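Have a look at the structure below before the remarks.
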Amino acid sequence: MSASGDLLSQVVEATSLPRSSVLAVLQLLEDGCTVPFIARYRKEATGNLDEVQIFAVRDVSELVAEREKRRSAILASLKDNGLWSSELEKTFMSAKTIAELEDLYLPFRPRRKTRASVALEKGLAPLADKIGKNQEPDLVLLQTFIDRAQGIADPESALQGGKDILAERLNEAPQLRKMLRELLVGKGEVETKKPRSVSEDSEFRDFWGKDETLKNIPGHRFLALMRGVKLGEVSLKLDLDFNLVQATYAVFLNLSVSQLCQSLQETIEDTWKRLTQPSLETEVLKLAKAKADADAVKIFERNLRELLLAPPLGQKVVLGVDPGLRTGCKVAVLSEQGNLLDHSVIFPMPSFGRQDEAKNTIRSLVSKHKVQAVAIGNGTGGRETYDFFRELSLGLPLVLISESGASVYSASEIAREEFPELDLTVRGAISIGRRLMDPLSEFVKIDPKAIGVGQYQHDVDQKLLKKHLDDVVSSCVNHVGVDVNTATKSILTYVSGLNSKLADAFLEYRKLHGPFRARSDFLKVKGIKEKVFEQSAGFLRVRGGNNPLDASAVHPESYGVVEKIAKHLALPIDQVIGHKQLGTLLRSQNNWGMGLQTFEDLLRELQKPGQDPRREFENVDFDPQIRSLEDLKEGQILNGVVTNVTAFGAFVDVGVHQDG
């Protein structure tokens, strides 16, 4: 989208960000730059906006584009139907929201025959005009409209036709609809009932018979409520105290409620109950759902980021264990690079009578492959398996690992491609082991929605959820950086500037030519042009290559500055990295022709090139005396792992197989 003045002003107003920063972001996005690239390598242009702010600019600009698309469609419809005028277009151009556009368009929508249109055909508009002026039609006037050929048999029929016309006019008055919508949002009451055909023991029974103000319902509870409505387990109505409704109509008509004539009072009641309340109820519930979705997605984003950026154990030989109470535990030994070395099945539960055999198998695998850590899935049988390994006294870290999405990965095409000959459960054990070594590299193989680190994930807008969770994965991948010579297709796909097709091209190049020796080799990959290289190169690491800078987050466009620094220090580049005088350079006024913020980032990276930004790994040992909920006592202080955070609380695993 072009960064027009109108778009720019609207995004600035919505985000409260500096105009120059918003303009720079819009131009960079239009030029094909990604959010991670802009946030890291274009700080001077944006005024040092972070990813959250840049995503906000992008999202608001997309909403504006959606509104403008709708505005154009409406104006085109008006022209096609011969309704357009320059004055009308001016009115539509003044609308600031899609809701305002739809309110303005309502009288012009193609429609089927209505009570009002029938009354208009019968010539009853003058009666609507009179009632609209708060003048009660008398019997003499009403009798003049009787026309049996037109179906107006008596004064009552004529009066009803006039009220029907006025009701439609009031329903289609944009300003009145806006006033009523705002009233419904702020003071609307949600009334819930039990549908007749629903069983008394429905899981949604706690929602029945509740009356509460819409704005006071927490987002997570609203999502649950709307799920019940969708399933037909809850009947819901959103309405207002009619005294408030009547007062709003009176204000719109520049009258007081006490001044309203009888026919106008009756028309107002009919308009609200028959026309306006049903349509506004749908609109306002949709708005509330969108807000609840947005809040839930934010929680997903935060939890997913924490999971993806969890501290990695690193390159160590790991034994991955997928617990099983009935079919035994699948175990897999992985090399420092995550490759499968060995696998087996053990039956550590006493019920099988094979504990000694299980102990011997584990000790043999640990000894044979010099295992350095054990990763145990935290699903069914996880705590029992953890206790079994604890009793073995292997002298190794024992880590309970989240199994979220493990079954999804095991049955996925990615897993089948990696291990076509292995059983699903063995693939699960491999995934559990790899999650300990490098959570990010393993979790990117799974659809973020399948990881289950949020609230009511199946109830929120799935398109919105996917978009934001993909943003989080991309942000995390590019924050950490990717070793281009060991990366899988799954993680390469999330690198700034790349996609599935380009990720395949990188893998194909590696297969044909061996490991990359320099970032400049990326330009030899099919489909990698200058723009893609610009967007991706800084996030791809070439370790042990020809240029030590290729293993860092220093972008190739800044290599010239590093060369100047090296010349100033009279040192080769590999000795500049980590040099003690870099701090002095940071404090100097000479930025070597580079913006200060980018220069500071450059020097920090040179001081600790390619450093993993994730926290150091720290294992959590569960209290061996805590085995079930009955073992928990008020006042105990226990080690635990936060597994999920929602709007209504955090879930903490303290080793009882029941997060709470």
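In the structure tokens, each chain is lettered A, B, ... as it comes, each chain's residues begin at 1, and ligands are numbered from 1 in order of appearance.
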Query raised in the report: Any idea what's packed within 10 Å of Ser412 in chain A, counting only C-alpha atoms, ignoring anything in its chain fewer than 4 positions away? Could you give it as an MDAnalysis selection string?
Result: chainID A and resid 406:408 416:417 424 445:446
Go ahead and dump the residues you just picked, N, CA and C atoms, as a PDB file, in the first residue's frame.
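As written to disk, out-v3.pdb reads:
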```
ATOM      1  N   ALA A 406       3.569 -32.955  20.325  1.00  0.00           N
ATOM      2  CA  ALA A 406       4.492 -34.034  19.939  1.00  0.00           C
ATOM      3  C   ALA A 406       3.808 -35.041  19.027  1.00  0.00           C
ATOM      4  N   SER A 407       2.549 -35.375  19.338  1.00  0.00           N
ATOM      5  CA  SER A 407       1.835 -36.342  18.503  1.00  0.00           C
ATOM      6  C   SER A 407       1.559 -35.768  17.116  1.00  0.00           C
ATOM      7  N   VAL A 408       1.354 -34.448  17.054  1.00  0.00           N
ATOM      8  CA  VAL A 408       1.136 -33.794  15.761  1.00  0.00           C
ATOM      9  C   VAL A 408       2.395 -33.912  14.910  1.00  0.00           C
ATOM     10  N   ARG A 416       7.736 -37.904   8.833  1.00  0.00           N
ATOM     11  CA  ARG A 416       7.838 -39.055   7.915  1.00  0.00           C
ATOM     12  C   ARG A 416       9.030 -38.920   6.987  1.00  0.00           C
ATOM     13  N   GLU A 417       9.307 -37.688   6.553  1.00  0.00           N
ATOM     14  CA  GLU A 417      10.470 -37.466   5.691  1.00  0.00           C
ATOM     15  C   GLU A 417      11.774 -37.711   6.444  1.00  0.00           C
ATOM     16  N   LEU A 424       5.604 -44.092  15.025  1.00  0.00           N
ATOM     17  CA  LEU A 424       5.201 -42.766  15.506  1.00  0.00           C
ATOM     18  C   LEU A 424       5.775 -42.471  16.888  1.00  0.00           C
ATOM     19  N   LYS A 445       8.701 -26.988  13.755  1.00  0.00           N
ATOM     20  CA  LYS A 445       8.201 -28.036  12.866  1.00  0.00           C
ATOM     21  C   LYS A 445       6.706 -28.273  13.058  1.00  0.00           C
ATOM     22  N   ILE A 446       6.141 -27.667  14.085  1.00  0.00           N
ATOM     23  CA  ILE A 446       4.747 -27.916  14.443  1.00  0.00           C
ATOM     24  C   ILE A 446       3.933 -26.653  14.200  1.00  0.00           C
TER      25      ILE A 446
END
```
Query - strand (DSSP E) positions in range 478-579 of chain A, given as a list of chain:residue names - result: A:Val482, A:Asp483, A:Leu540, A:Arg541
Pull N, CA and C atoms from the residues just selected and write them as a PDB file, in the first residue's frame.
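Result file is again.pdb:
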```
ATOM      1  N   VAL A 482      20.043 -18.322  12.527  1.00  0.00           N
ATOM      2  CA  VAL A 482      19.969 -19.694  12.029  1.00  0.00           C
ATOM      3  C   VAL A 482      21.293 -20.099  11.387  1.00  0.00           C
ATOM      4  N   ASP A 483      21.808 -21.261  11.785  1.00  0.00           N
ATOM      5  CA  ASP A 483      23.004 -21.828  11.161  1.00  0.00           C
ATOM      6  C   ASP A 483      22.584 -22.403   9.818  1.00  0.00           C
ATOM      7  N   LEU A 540      21.185 -15.339   8.824  1.00  0.00           N
ATOM      8  CA  LEU A 540      21.752 -16.648   8.515  1.00  0.00           C
ATOM      9  C   LEU A 540      23.225 -16.661   8.886  1.00  0.00           C
ATOM     10  N   ARG A 541      23.637 -17.660   9.629  1.00  0.00           N
ATOM     11  CA  ARG A 541      25.022 -17.753  10.099  1.00  0.00           C
ATOM     12  C   ARG A 541      25.791 -18.809   9.297  1.00  0.00           C
TER      13      ARG A 541
END
```
Requested in this report: Just the residues within 9 Å of Arg302 in chain A, please, counting only C-alpha atoms, with nothing from its chain fewer than 3 positions along; format it as a list of chain:residue names.
Outcome: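 With the cut-off at 9 Å, the set is A:Val297, A:Lys298, A:Ile299, A:Arg305, A:Glu306, A:Leu307, A:Val453, A:Gly454, A:Val472, A:Val645.
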Please provide as a CSV table (one decimal) with C-alpha atoms, in the first residue's frame all residues within 7 Å of Glu403 in chain A, with the sequence filter that same-chain residues fewer than 2 positions apart are discarded (counting only C-alpha atoms).
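Output below, filename around16.csv:
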```csv
chain,number,residue,atom,x,y,z
A,377,GLY,CA,7.9,-36.3,28.2
A,378,ASN,CA,5.5,-34.8,30.8
A,379,GLY,CA,2.4,-36.6,29.5
A,401,ILE,CA,9.8,-31.8,28.7
A,405,GLY,CA,2.2,-31.0,19.8
A,406,ALA,CA,4.5,-34.0,19.9
A,432,ILE,CA,11.2,-34.8,23.1
```
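Residue neighbourhood of Arg221 in chain A, excluding near-sequence residues (fewer than 3 positions): Phe207, Ile217, Pro218, Ala224, Leu225, Met226, Arg227, Ala292, Tyr456, Ala647 and Phe648 of chain A, at 10 Å, using only C-alpha atoms.
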Report task. Have a look at A:Leu319, A:Leu223, A:Leu236, A:Leu17 and name the one nearest to Ala294 in chain A; count only C-alpha atoms. Result -> A:Leu223
Report summary line: Students should find that CA of Ser344 in chain A and CA of Val331 in chain A are spaced 5.4 Å
Report task. Give the answer as one residue: which of A:His468, A:Arg543, A:Lys193, A:Lys316 has the shortest atom-to-atom distance to Val371 in chain A, using only C-alpha atoms? Result -> A:Lys316
**Report entry** Shell of 9 Å around Ala173 in chain A, only C-alpha atoms, local chain residues under 3 positions omitted, as a count of residues only
**Finding:** 10
